[in-house]
Structures are given as structure tokens and as C-alpha cells.
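Below is coords17.txt, holding compact mmCIF, C-alpha atoms and all ligand atoms.
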```
# COMPACT_ATOMS: atom_id res chain seq x y z
CA MET F 78 109.11 98.16 145.24
CA ASN F 79 112.56 97.71 143.64
CA PHE F 80 113.65 99.82 140.71
CA LEU F 81 116.56 99.94 138.29
CA VAL F 82 117.68 103.44 137.28
CA THR F 83 120.00 103.46 134.27
CA GLY F 84 122.09 106.61 134.15
CA GLY F 85 121.67 106.54 137.92
CA ALA F 86 124.82 108.58 138.60
CA GLY F 87 123.74 111.23 136.13
CA PHE F 88 122.21 114.62 136.78
CA ILE F 89 118.50 113.69 136.60
CA GLY F 90 119.04 110.01 137.49
CA SER F 91 120.61 110.83 140.85
CA TYR F 92 117.73 113.12 141.87
CA LEU F 93 115.21 110.56 140.67
CA SER F 94 116.93 107.85 142.72
CA GLU F 95 116.72 110.08 145.80
CA ALA F 96 113.00 110.65 145.19
CA LEU F 97 112.37 106.91 144.81
CA LEU F 98 114.21 106.15 148.07
CA ALA F 99 112.33 108.94 149.84
CA ALA F 100 109.08 107.33 148.67
CA GLY F 101 110.12 104.07 150.38
CA HIS F 102 111.38 102.16 147.34
CA SER F 103 114.69 100.38 146.78
CA VAL F 104 116.94 101.46 143.93
CA VAL F 105 119.76 99.89 141.93
CA GLY F 106 121.67 102.52 139.96
CA LEU F 107 123.52 101.46 136.81
CA ASP F 108 126.00 103.88 135.29
CA ASP F 109 129.30 103.73 133.43
CA LEU F 110 130.23 107.18 134.79
CA SER F 111 130.91 108.48 131.27
CA THR F 112 129.13 111.79 131.94
CA GLY F 113 127.75 110.90 135.35
CA SER F 114 129.79 111.12 138.52
CA GLU F 115 130.20 109.38 141.87
CA LYS F 116 129.83 112.86 143.35
CA ASN F 117 126.16 112.78 142.35
CA LEU F 118 125.68 109.77 144.62
CA VAL F 119 126.59 111.67 147.77
CA ASN F 120 123.02 111.41 149.16
CA LEU F 121 122.59 107.81 148.00
CA LYS F 122 125.66 105.70 148.72
CA GLY F 123 125.40 103.90 152.05
CA LYS F 124 121.65 104.58 152.31
CA SER F 125 119.53 101.54 153.10
CA GLY F 126 117.76 100.32 149.98
CA TYR F 127 120.33 101.77 147.57
CA SER F 128 123.00 99.98 145.59
CA PHE F 129 125.14 101.10 142.69
CA VAL F 130 126.61 99.11 139.81
CA ASN F 131 129.47 100.68 137.91
CA GLY F 132 128.84 99.09 134.52
CA THR F 133 127.44 99.66 131.09
CA MET F 134 123.93 99.14 129.76
CA MET F 135 125.64 97.82 126.61
CA ASP F 136 126.34 94.65 128.65
CA GLU F 137 123.28 92.56 127.82
CA ASP F 138 123.87 89.90 130.50
CA LEU F 139 124.35 92.52 133.20
CA VAL F 140 121.20 94.40 132.22
CA ARG F 141 119.13 91.19 132.05
CA ASP F 142 120.45 90.19 135.46
CA LEU F 143 119.64 93.57 137.01
CA VAL F 144 116.17 93.71 135.46
CA SER F 145 115.44 90.21 136.80
CA GLY F 146 115.55 91.61 140.35
CA VAL F 147 113.33 94.69 139.97
CA ASP F 148 109.68 95.67 139.63
CA GLY F 149 110.32 98.52 137.23
CA VAL F 150 112.94 100.37 135.19
CA PHE F 151 113.72 104.05 134.77
CA HIS F 152 115.86 104.27 131.65
CA LEU F 153 117.81 107.53 131.71
CA GLY F 154 121.22 106.27 130.58
CA ALA F 155 122.29 108.03 127.38
CA ALA F 156 125.11 109.84 125.64
CA LEU F 157 124.17 113.51 125.50
CA GLY F 158 125.53 117.02 125.40
CA VAL F 159 126.38 118.66 122.10
CA LYS F 160 130.12 118.54 122.81
CA ARG F 161 130.16 114.84 123.60
CA ILE F 162 127.98 113.93 120.62
CA LEU F 163 130.07 115.93 118.18
CA GLU F 164 133.30 114.51 119.61
CA ARG F 165 132.13 110.88 119.72
CA PRO F 166 129.27 110.63 117.25
CA TYR F 167 129.35 106.91 116.54
CA GLU F 168 129.73 105.83 120.17
CA SER F 169 126.90 108.18 121.15
CA LEU F 170 124.57 106.86 118.46
CA VAL F 171 125.24 103.23 119.42
CA THR F 172 124.73 103.98 123.13
CA ASN F 173 121.47 105.80 122.48
CA MET F 174 120.05 103.20 120.12
CA HIS F 175 121.50 99.82 121.02
CA GLY F 176 121.79 100.59 124.75
CA THR F 177 118.08 101.39 124.85
CA GLU F 178 117.26 98.29 122.81
CA ILE F 179 119.07 96.14 125.39
CA VAL F 180 117.25 97.76 128.32
CA VAL F 181 113.84 97.70 126.65
CA LYS F 182 114.17 94.06 125.56
CA ALA F 183 115.15 92.99 129.10
CA ALA F 184 112.19 94.93 130.53
CA ALA F 185 109.82 93.51 127.91
CA ALA F 186 110.88 89.93 128.69
CA ARG F 187 109.57 90.46 132.23
CA LYS F 188 106.86 93.02 131.35
CA VAL F 189 108.10 95.38 134.09
CA ARG F 190 106.89 98.96 133.92
CA THR F 191 109.48 101.14 132.19
CA PHE F 192 110.08 104.88 131.98
CA LEU F 193 111.94 106.02 128.86
CA ALA F 194 113.81 109.34 128.99
CA SER F 195 113.35 111.06 125.65
CA THR F 196 113.90 114.65 124.66
CA SER F 197 112.30 117.77 123.19
CA GLU F 198 115.02 117.40 120.54
CA ILE F 199 112.82 114.86 118.78
CA TYR F 200 110.70 117.80 117.55
CA GLY F 201 113.81 119.21 115.85
CA LYS F 202 113.23 122.63 114.36
CA ASN F 203 109.44 122.54 114.18
CA PRO F 204 108.55 126.27 114.22
CA ASN F 205 104.97 125.74 115.40
CA GLN F 206 104.89 126.70 119.07
CA PRO F 207 103.85 125.57 121.57
CA LEU F 208 104.88 121.99 120.90
CA ASN F 209 102.45 119.33 122.00
CA GLU F 210 103.02 115.59 122.07
CA GLU F 211 101.47 115.13 118.63
CA SER F 212 103.62 117.81 116.99
CA ASP F 213 105.57 116.76 113.91
CA ARG F 214 109.26 116.09 113.86
CA VAL F 215 111.08 118.58 111.61
CA ILE F 216 114.60 117.31 111.30
CA GLY F 217 117.64 118.48 109.33
CA SER F 218 119.91 116.49 107.08
CA PRO F 219 121.18 113.13 108.36
CA LEU F 220 124.60 114.27 107.13
CA LEU F 221 124.67 116.65 110.08
CA VAL F 222 125.83 114.73 113.14
CA ARG F 223 123.86 116.91 115.52
CA TRP F 224 120.58 115.31 114.40
CA ALA F 225 121.74 111.81 115.35
CA TYR F 226 120.70 112.38 118.99
CA SER F 227 117.20 113.38 117.92
CA GLU F 228 116.97 110.43 115.53
CA ALA F 229 118.19 107.91 118.12
CA LYS F 230 115.76 109.11 120.77
CA ALA F 231 112.88 108.99 118.27
CA ILE F 232 113.82 105.41 117.34
CA ASP F 233 113.93 104.60 121.08
CA GLU F 234 110.39 105.89 121.40
CA SER F 235 109.25 103.76 118.46
CA LEU F 236 111.04 100.74 119.87
CA ILE F 237 109.38 100.90 123.27
CA GLN F 238 106.01 101.54 121.63
CA MET F 239 106.50 98.39 119.52
CA PHE F 240 107.33 96.26 122.56
CA HIS F 241 104.21 97.69 124.20
CA GLN F 242 102.10 96.57 121.24
CA MET F 243 103.84 93.21 120.66
CA ASN F 244 104.65 92.09 124.22
CA GLY F 245 102.44 94.21 126.44
CA LEU F 246 105.41 96.09 127.93
CA PRO F 247 103.92 98.84 130.13
CA PHE F 248 105.85 102.04 129.46
CA VAL F 249 105.66 105.79 129.75
CA THR F 250 107.93 108.15 127.85
CA GLY F 251 108.99 111.55 129.19
CA ARG F 252 110.33 114.07 126.70
CA PHE F 253 112.52 116.37 128.78
CA PHE F 254 112.95 119.94 127.68
CA ASN F 255 116.06 121.72 129.03
CA THR F 256 116.28 120.55 132.62
CA VAL F 257 118.60 122.43 134.92
CA GLY F 258 119.73 122.56 138.53
CA PRO F 259 122.61 121.76 140.85
CA ARG F 260 124.89 118.86 139.76
CA GLN F 261 124.42 119.53 136.05
CA THR F 262 127.83 119.75 134.45
CA GLY F 263 128.78 122.11 131.64
CA ALA F 264 131.61 119.83 130.54
CA TYR F 265 129.61 118.27 127.69
CA GLY F 266 128.01 121.40 126.28
CA MET F 267 124.93 122.00 128.48
CA VAL F 268 124.09 125.64 128.12
CA LEU F 269 123.25 126.88 131.63
CA PRO F 270 126.14 125.32 133.57
CA SER F 271 128.51 126.35 130.76
CA PHE F 272 127.36 129.95 131.09
CA VAL F 273 127.55 129.88 134.88
CA SER F 274 131.05 128.35 134.89
CA ALA F 275 132.29 130.95 132.41
CA ALA F 276 130.74 133.78 134.41
CA LEU F 277 132.18 132.53 137.71
CA ALA F 278 135.61 132.19 136.10
CA GLY F 279 135.32 135.72 134.66
CA LYS F 280 135.61 134.29 131.15
CA PRO F 281 133.56 135.32 128.07
CA ILE F 282 130.26 133.51 127.61
CA THR F 283 130.08 131.57 124.34
CA VAL F 284 126.84 131.86 122.39
CA TYR F 285 126.31 129.79 119.26
CA GLY F 286 124.52 131.56 116.40
CA ASP F 287 122.92 134.94 117.08
CA GLY F 288 121.43 133.95 120.43
CA SER F 289 117.84 134.42 119.26
CA GLN F 290 117.01 130.72 119.64
CA GLN F 291 114.36 130.23 122.32
CA ARG F 292 114.51 127.64 125.06
CA VAL F 293 112.32 126.60 127.98
CA PHE F 294 114.09 125.67 131.21
CA GLY F 295 112.70 123.55 134.01
CA HIS F 296 114.10 122.70 137.43
CA VAL F 297 115.31 119.14 137.90
CA LEU F 298 113.16 118.63 141.02
CA ASP F 299 110.03 119.55 139.05
CA ALA F 300 111.10 117.16 136.28
CA VAL F 301 111.60 114.34 138.79
CA ASP F 302 108.21 115.07 140.32
CA ALA F 303 106.66 114.77 136.85
CA VAL F 304 108.44 111.47 136.18
CA MET F 305 107.19 110.00 139.47
CA LYS F 306 103.61 111.16 138.85
CA LEU F 307 103.61 109.72 135.32
CA PHE F 308 105.27 106.44 136.19
CA PHE F 309 102.86 105.57 139.00
CA ASN F 310 99.74 106.61 137.07
CA ASP F 311 98.13 103.75 135.13
CA LYS F 312 96.46 106.22 132.78
CA ALA F 313 99.89 107.39 131.56
CA ILE F 314 100.93 103.94 130.39
CA GLY F 315 101.50 103.67 126.65
CA HIS F 316 101.86 107.44 126.18
CA ALA F 317 104.56 110.09 125.78
CA PHE F 318 104.59 113.39 127.71
CA ASN F 319 106.49 116.64 127.39
CA ILE F 320 108.29 117.53 130.63
CA GLY F 321 109.52 121.09 130.87
CA GLY F 322 109.21 124.50 132.44
CA GLU F 323 107.00 127.39 131.44
CA GLY F 324 107.92 130.44 129.38
CA GLU F 325 110.58 130.75 126.76
CA VAL F 326 113.84 132.58 127.09
CA SER F 327 116.31 133.35 124.33
CA ILE F 328 119.90 132.23 124.69
CA LYS F 329 120.88 135.89 124.32
CA GLN F 330 118.62 136.81 127.23
CA LEU F 331 120.15 134.00 129.26
CA ALA F 332 123.67 135.20 128.60
CA ASP F 333 122.89 138.90 129.02
CA GLY F 334 123.76 140.91 132.09
CA ASP F 335 127.02 141.64 133.80
CA CYS F 336 128.25 138.11 133.57
CA GLY F 337 130.65 138.33 130.67
CA ASP F 338 131.44 139.34 127.12
CA TRP F 339 130.00 137.82 124.00
CA ILE F 340 131.67 135.47 121.57
CA VAL F 341 129.45 134.65 118.61
CA ILE F 342 130.10 131.45 116.69
CA GLU F 343 128.14 131.00 113.48
CA ASP F 344 126.17 127.93 112.44
CA ARG F 345 126.22 125.96 115.62
CA ASP F 346 123.42 125.06 117.96
CA ASP F 347 123.48 124.65 121.71
CA SER F 348 120.36 122.66 122.16
CA LEU F 349 121.35 119.06 122.82
N1 LIG G 401 119.13 117.41 131.14
C1 LIG G 401 118.36 117.72 130.12
O1 LIG G 401 118.11 118.90 129.86
C2 LIG G 401 117.77 116.65 129.22
C3 LIG G 401 116.99 117.08 128.13
C4 LIG G 401 116.43 116.13 127.31
C5 LIG G 401 116.60 114.77 127.58
N2 LIG G 401 117.36 114.38 128.62
C6 LIG G 401 117.51 112.93 128.85
O2 LIG G 401 117.43 112.63 130.23
C7 LIG G 401 118.32 111.57 130.54
C8 LIG G 401 119.23 111.98 131.69
O3 LIG G 401 120.02 113.08 131.25
P1 LIG G 401 120.91 113.95 132.26
O4 LIG G 401 120.65 115.38 131.98
O5 LIG G 401 120.75 113.45 133.64
O6 LIG G 401 122.36 113.67 131.70
P2 LIG G 401 123.57 112.86 132.32
O7 LIG G 401 124.64 112.85 131.29
O8 LIG G 401 123.92 113.43 133.65
O9 LIG G 401 122.93 111.42 132.50
C9 LIG G 401 123.12 110.35 131.60
C10 LIG G 401 123.81 109.25 132.37
O10 LIG G 401 123.92 108.09 131.54
C11 LIG G 401 125.18 107.49 131.83
N3 LIG G 401 125.55 106.62 130.72
C12 LIG G 401 125.93 106.95 129.46
N4 LIG G 401 126.21 105.87 128.73
C13 LIG G 401 126.00 104.80 129.56
C14 LIG G 401 126.13 103.39 129.41
N5 LIG G 401 126.54 102.86 128.24
N6 LIG G 401 125.85 102.59 130.46
C15 LIG G 401 125.43 103.12 131.65
N7 LIG G 401 125.30 104.46 131.86
C16 LIG G 401 125.57 105.27 130.83
C17 LIG G 401 126.12 108.66 132.02
O11 LIG G 401 127.31 108.37 132.69
C18 LIG G 401 125.22 109.62 132.80
O12 LIG G 401 125.36 109.42 134.18
C19 LIG G 401 119.04 111.21 129.24
O13 LIG G 401 118.41 110.09 128.66
C20 LIG G 401 118.86 112.43 128.37
O14 LIG G 401 118.89 112.11 127.00
C21 LIG G 401 117.95 115.29 129.46
```

Mind turning this structure into C-alpha cells?
Ligand SMILES: NC(=O)c1ccc[n+]([C@@H]2O[C@H](COP(=O)([O-])OP(=O)(O)OC[C@H]3O[C@@H](n4cnc5c(N)ncnc54)[C@H](O)[C@@H]3O)[C@@H](O)[C@H]2O)c1
Amino acid sequence: MNFLVTGGAGFIGSYLSEALLAAGHSVVGLDDLSTGSEKNLVNLKGKSGYSFVNGTMMDEDLVRDLVSGVDGVFHLGAALGVKRILERPYESLVTNMHGTEIVVKAAAARKVRTFLASTSEIYGKNPNQPLNEESDRVIGSPLLVRWAYSEAKAIDESLIQMFHQMNGLPFVTGRFFNTVGPRQTGAYGMVLPSFVSAALAGKPITVYGDGSQQRVFGHVLDAVDAVMKLFFNDKAIGHAFNIGGEGEVSIKQLADGDCGDWIVIEDRDDSL
């Protein structure tokens, strides 16, 4: 089968593309290389069955054209990372809402099976652990830019659900918890690569708040495995699933050890 992977030059998208090729499928990657990188395509470019389009999912004609040639869509393209979202809030919001609308509408017009990448961030600060897929969203003030990512992804989920109900679009949503592994960049505020880069450079590790916030980390290859299993399972269609590792770790625990000094910055959060 042929698949379109938006965000195909990104961290998770590149591994997912490799897994699809390994399973005998053909893949078209679409990416504007805003946070993704050509370096992530090292195992893909030149491989039979793989092609890459350097373009934006905001281009409706391009997306419609690409979707017209595939049997399914994996929609991972998004603006993320706390640093990027705080630096470019409006652009990020538009990418995460309108970009998804464009992709979902094109997929719905052809009723091709679609995977939507969502996030554990949609649960916000719900204190009731563990979080299951029916857990409530507990979100802060819309005046705080950091919540815009959570809001946009939640709207994306509603949007794809509506196209499922109205047009019969077959979809499955995966809500990634912190996903980590090689190729993830710390440049946009992702916690683990930021810590590792600082430690390797002998620089202090920056922790936002008091470090007591808990996170669950999962390996990217496990996340990709989950995406593949969900996408190709008819019973998963029309549902959303949490995708993450097991066991919580505090950010303080993560930063602890001989890897650097502490800098504590108040009232910020590292979780995007
Ligand atoms: N990594 C995580 O821990 C995590 C957690 C929750 C959700 N997610 C979701 O998983 C997906 C993949 O995230 P990732 O970790 O691989 O991050 P990533 O930044 O590596 O991947 C996102 C990709 O989308 C591309 N992109 C952005 N705007 C685009 C546009 N307008 N047109 C085309 N491409 C565009 C970027 O260049 C990048 O390659 C995202 O939807 C993200 O919201 C990831």
C-alpha cells in the first residue's frame, strides 16, 4: 500500500516511515523542515518505494494532490516544542489547527484511513493518575500561550471525529506521551535531548519549576510499533489511544546525577 506521512522528516515521522517501508509499503514524506531535518531521512532517501516532498501541509492543493495518490495518511506534521510555541505562538496555532484541517479534509474526501498524532498534553493538568482515554481535560487560562498546543490538538481530535461521523472517514488517534530516542532534537525545548546536550557540553541543566513534575517516557521505536498496530487494526478505527511508556519519573530525577548543576526557573513548564 502507499502512504503519506506528514511531518515525515521529523523525529517520529522518520522512524514511522522506515517501519512502513520495512513492512513492504511505499511512503511519500511531506515536511517543510521547520523542526524536521534532512538528516532524519538518512535511511530513507534513495530507498525504493520512498519519496520526499519538501513542502507545507498548509498548501491545500499540494496536500490534495498527495492524498489522491495514497491508500492512507499518517498525520504527524505539527509545530511543537515549548520553545518554538512560545517564540512563534500564532504560526504554531495556525499550523496545528488549519494544517490538520487541510489534511483531514483531503483524507475525508477520499475516505482513506488516517492516523492523527495527538498528545498527552490534551489532558492538561488533570491530577487524577493514571490518565485513561476518557480522562477529563483540565486546562489553564487561554491567556497563557502554552495551552494553545493542547487546545489545537484537542480541536484536531474533534475535527477528525466529526469527519468520521459525517463522511465516514476511518481514523485512529494516538496521544503520544513524551517520546524519546535518537534523532530527537533539543533545539525546540524537548526535555531529554536538552538535558543530554547540556550534560555533554558540560553546561548546567535547566529545570523549569521545582522539578517535581512527573513525566512518563517511551522509546520512539515502541511508539512506532504502537502506531502500526493501531492503524492496521480495524477495531481501533474511530477511537483514540494513549501511547507512552510505563512508570513516572520526575524532572528532578531525570536531571539528577553527575551530569550538571541546577538552574531553577520559576513558573515555567517543560512539558510540550
Ligand atoms: N515527541 C513527543 O514526545 C510527542 C509528544 C506528543 C505528541 N507528539 C506529536 O507527534 C508528532 C510528531 O512529533 P515529533 O516528536 O516527531 O516532532 P518533530 O518536530 O520532529 O515532527 C514534526 C514535523 O512536522 C514538520 N512540520 C511542521 N510544520 C509543518 C508544515 N506546515 N508542513 C509540513 N511539515 C511540517 C516539522 O518540520 C517536523 O518534521 C507531532 O504531531 C507531535 O505533536 C510528539

Can you list every residue of chain F that has an atom at most 7 Å from ligand LIG 401 (chain G), with its nearest atom pair and the distance in Å to one decimal, using only C-alpha atoms and all ligand atoms, ordered by chain then number, as CSV?
```
residue,atom,partner,partner_atom,distance
F:Thr83,CA,G:LIG401,N7,5.9
F:Gly84,CA,G:LIG401,O10,3.5
F:Gly85,CA,G:LIG401,O12,6.0
F:Ala86,CA,G:LIG401,O12,4.5
F:Gly87,CA,G:LIG401,O12,3.1
F:Phe88,CA,G:LIG401,O5,3.7
F:Ile89,CA,G:LIG401,O5,3.7
F:Gly90,CA,G:LIG401,O5,5.4
F:Leu107,CA,G:LIG401,C15,5.7
F:Asp108,CA,G:LIG401,N7,3.5
F:Asp109,CA,G:LIG401,C15,4.3
F:Leu110,CA,G:LIG401,O11,3.8
F:Ser111,CA,G:LIG401,O11,3.9
F:Thr112,CA,G:LIG401,O11,3.9
F:Gly113,CA,G:LIG401,O12,3.0
F:Ser114,CA,G:LIG401,O12,6.4
F:Gly132,CA,G:LIG401,C15,6.0
F:Thr133,CA,G:LIG401,N6,3.4
F:Met134,CA,G:LIG401,N6,4.0
F:Met135,CA,G:LIG401,N5,5.4
F:Leu153,CA,G:LIG401,O13,4.0
F:Gly154,CA,G:LIG401,O10,3.4
F:Ala155,CA,G:LIG401,C12,4.3
F:Ala156,CA,G:LIG401,C12,4.9
F:Leu157,CA,G:LIG401,O14,5.7
F:Thr172,CA,G:LIG401,N5,5.5
F:Gly176,CA,G:LIG401,N5,6.3
F:Ala194,CA,G:LIG401,O13,4.7
F:Ser195,CA,G:LIG401,C5,5.3
F:Thr196,CA,G:LIG401,C4,4.0
F:Ser197,CA,G:LIG401,C4,6.1
F:Arg252,CA,G:LIG401,C5,6.4
F:Phe253,CA,G:LIG401,C4,4.2
F:Phe254,CA,G:LIG401,C3,5.0
F:Asn255,CA,G:LIG401,O1,3.6
F:Thr256,CA,G:LIG401,O1,3.7
F:Val257,CA,G:LIG401,O1,6.2
F:Gln261,CA,G:LIG401,O8,6.6
```

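Atom pair CA of Ile237 in chain F / CA of Gly321 in chain F has a distance of 21.6 Å (rounded to one decimal).
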
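Closest to Arg260 in chain F among F:Leu98, F:Ala183, F:Val130, F:Leu298 is F:Leu298, based on all atoms listed in the file.
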
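Closest to Lys230 in chain F among F:Leu93, F:Ile282, F:Leu170, F:Met305 is F:Leu170, based on only C-alpha atoms.
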
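Considering the residues F:Lys280, F:Lys188, F:Arg161, F:Lys306 and counting all atoms listed in the file, Asn244 in chain F has its shortest atom-to-atom contact with F:Lys188.
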
Item to check | All residues 12 Å or closer to Lys312 in chain F, all atoms listed in the file, same chain fewer than 5 positions away omitted, as a PyMOL selection string | outcome: chain F and resi 247-249+306-307+317-318

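Compared by their closest atoms to Asn209 in chain F, and using all atoms listed in the file, the residues F:Thr191, F:Asn319, F:Ser103, F:Gln290 rank with F:Asn319 nearest.
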
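Across the model, the gap from CA of Glu137 in chain F to CA of His175 in chain F is 10.1 Å.
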
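Rounded to one decimal, CA of Gly288 in chain F and CA of Leu269 in chain F lie 13.4 Å from each other.
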
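For Val82 in chain F, the residues within 6 Å (counting only C-alpha atoms, excluding itself and residues fewer than 6 positions away along the chain) are Gly106, Phe151 and His152 of chain F.
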
Test item: which residues lie within 7 Å of (125.7, 115.8, 117.2) counting all atoms listed in the file, as a compact mmCIF listing (two decimals) with C-alpha atoms, in the coordinates of the input:
```txt
# COMPACT_ATOMS: atom_id res chain seq x y z
CA VAL F 159 126.38 118.66 122.10
CA ILE F 162 127.98 113.93 120.62
CA LEU F 163 130.07 115.93 118.18
CA PRO F 166 129.27 110.63 117.25
CA VAL F 222 125.83 114.73 113.14
CA ARG F 223 123.86 116.91 115.52
CA TRP F 224 120.58 115.31 114.40
CA ALA F 225 121.74 111.81 115.35
CA TYR F 226 120.70 112.38 118.99
```

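Of the residues listed (F:Gln291, F:Phe272, F:Asn117, F:Gly149), F:Gly149 shows the shortest atom-to-atom separation from Val104 in chain F; distances use all atoms listed in the file.
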
Checklist outcome for this item: Of F:Leu236, F:Tyr265, F:Ser227, F:Glu210, the one sitting nearest Ile320 in chain F when using all atoms listed in the file is F:Glu210

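Excluding Gly201 in chain F itself and same-chain residues fewer than 2 positions from it, the residues having an atom within 8 Å of it are Ser197, Glu198, Ile199, Asn203, Arg214, Val215, Ile216, Gly217, Trp224 and Ser227 of chain F, counting only C-alpha atoms.
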
Would you please take range 204-226 of chain F of the structure in the block above and write N, CA and C atoms to a file as a PDB file, in the first residue's frame?
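And here is the file that came out, result.pdb:
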```pdb
ATOM      1  N   PRO F 204      -5.053  16.065  37.670  1.00  0.00           N
ATOM      2  CA  PRO F 204      -4.208  15.425  38.688  1.00  0.00           C
ATOM      3  C   PRO F 204      -4.532  13.945  38.900  1.00  0.00           C
ATOM      4  N   ASN F 205      -5.626  13.475  38.293  1.00  0.00           N
ATOM      5  CA  ASN F 205      -6.041  12.089  38.545  1.00  0.00           C
ATOM      6  C   ASN F 205      -5.240  11.120  37.686  1.00  0.00           C
ATOM      7  N   GLN F 206      -4.305  10.430  38.329  1.00  0.00           N
ATOM      8  CA  GLN F 206      -3.448   9.483  37.622  1.00  0.00           C
ATOM      9  C   GLN F 206      -3.894   8.064  37.943  1.00  0.00           C
ATOM     10  N   PRO F 207      -3.712   7.086  37.082  1.00  0.00           N
ATOM     11  CA  PRO F 207      -3.209   7.255  35.726  1.00  0.00           C
ATOM     12  C   PRO F 207      -4.297   7.816  34.799  1.00  0.00           C
ATOM     13  N   LEU F 208      -3.853   8.453  33.728  1.00  0.00           N
ATOM     14  CA  LEU F 208      -4.787   9.026  32.772  1.00  0.00           C
ATOM     15  C   LEU F 208      -5.254   7.948  31.805  1.00  0.00           C
ATOM     16  N   ASN F 209      -6.553   7.825  31.648  1.00  0.00           N
ATOM     17  CA  ASN F 209      -7.025   6.926  30.588  1.00  0.00           C
ATOM     18  C   ASN F 209      -7.677   7.781  29.501  1.00  0.00           C
ATOM     19  N   GLU F 210      -8.076   7.153  28.430  1.00  0.00           N
ATOM     20  CA  GLU F 210      -8.529   7.900  27.255  1.00  0.00           C
ATOM     21  C   GLU F 210      -9.807   8.698  27.507  1.00  0.00           C
ATOM     22  N   GLU F 211     -10.533   8.334  28.570  1.00  0.00           N
ATOM     23  CA  GLU F 211     -11.765   9.075  28.878  1.00  0.00           C
ATOM     24  C   GLU F 211     -11.517  10.170  29.922  1.00  0.00           C
ATOM     25  N   SER F 212     -10.290  10.311  30.374  1.00  0.00           N
ATOM     26  CA  SER F 212      -9.998  11.316  31.403  1.00  0.00           C
ATOM     27  C   SER F 212     -10.351  12.720  30.908  1.00  0.00           C
ATOM     28  N   ASP F 213     -10.753  13.567  31.873  1.00  0.00           N
ATOM     29  CA  ASP F 213     -11.118  14.938  31.520  1.00  0.00           C
ATOM     30  C   ASP F 213      -9.899  15.765  31.123  1.00  0.00           C
ATOM     31  N   ARG F 214     -10.183  16.804  30.359  1.00  0.00           N
ATOM     32  CA  ARG F 214      -9.163  17.802  30.087  1.00  0.00           C
ATOM     33  C   ARG F 214      -9.246  18.851  31.191  1.00  0.00           C
ATOM     34  N   VAL F 215      -8.112  19.178  31.798  1.00  0.00           N
ATOM     35  CA  VAL F 215      -8.069  20.229  32.831  1.00  0.00           C
ATOM     36  C   VAL F 215      -7.027  21.243  32.366  1.00  0.00           C
ATOM     37  N   ILE F 216      -7.541  22.319  31.808  1.00  0.00           N
ATOM     38  CA  ILE F 216      -6.685  23.238  31.054  1.00  0.00           C
ATOM     39  C   ILE F 216      -6.637  24.594  31.747  1.00  0.00           C
ATOM     40  N   GLY F 217      -5.490  25.257  31.649  1.00  0.00           N
ATOM     41  CA  GLY F 217      -5.331  26.578  32.250  1.00  0.00           C
ATOM     42  C   GLY F 217      -5.934  27.679  31.378  1.00  0.00           C
ATOM     43  N   SER F 218      -5.658  28.892  31.761  1.00  0.00           N
ATOM     44  CA  SER F 218      -6.239  30.049  31.094  1.00  0.00           C
ATOM     45  C   SER F 218      -5.819  30.144  29.626  1.00  0.00           C
ATOM     46  N   PRO F 219      -6.774  30.486  28.748  1.00  0.00           N
ATOM     47  CA  PRO F 219      -6.401  30.688  27.337  1.00  0.00           C
ATOM     48  C   PRO F 219      -5.483  31.887  27.139  1.00  0.00           C
ATOM     49  N   LEU F 220      -5.328  32.702  28.184  1.00  0.00           N
ATOM     50  CA  LEU F 220      -4.395  33.837  28.069  1.00  0.00           C
ATOM     51  C   LEU F 220      -2.941  33.367  28.155  1.00  0.00           C
ATOM     52  N   LEU F 221      -2.754  32.128  28.609  1.00  0.00           N
ATOM     53  CA  LEU F 221      -1.398  31.578  28.657  1.00  0.00           C
ATOM     54  C   LEU F 221      -1.128  30.823  27.360  1.00  0.00           C
ATOM     55  N   VAL F 222      -0.139  31.289  26.624  1.00  0.00           N
ATOM     56  CA  VAL F 222       0.145  30.742  25.292  1.00  0.00           C
ATOM     57  C   VAL F 222       0.428  29.241  25.337  1.00  0.00           C
ATOM     58  N   ARG F 223       0.998  28.781  26.440  1.00  0.00           N
ATOM     59  CA  ARG F 223       1.409  27.379  26.476  1.00  0.00           C
ATOM     60  C   ARG F 223       0.237  26.418  26.265  1.00  0.00           C
ATOM     61  N   TRP F 224      -0.984  26.846  26.599  1.00  0.00           N
ATOM     62  CA  TRP F 224      -2.129  25.943  26.449  1.00  0.00           C
ATOM     63  C   TRP F 224      -2.620  25.847  25.012  1.00  0.00           C
ATOM     64  N   ALA F 225      -2.132  26.721  24.144  1.00  0.00           N
ATOM     65  CA  ALA F 225      -2.622  26.729  22.758  1.00  0.00           C
ATOM     66  C   ALA F 225      -2.329  25.404  22.049  1.00  0.00           C
ATOM     67  N   TYR F 226      -1.196  24.786  22.377  1.00  0.00           N
ATOM     68  CA  TYR F 226      -0.852  23.496  21.754  1.00  0.00           C
ATOM     69  C   TYR F 226      -1.867  22.432  22.152  1.00  0.00           C
TER      70      TYR F 226
END
```
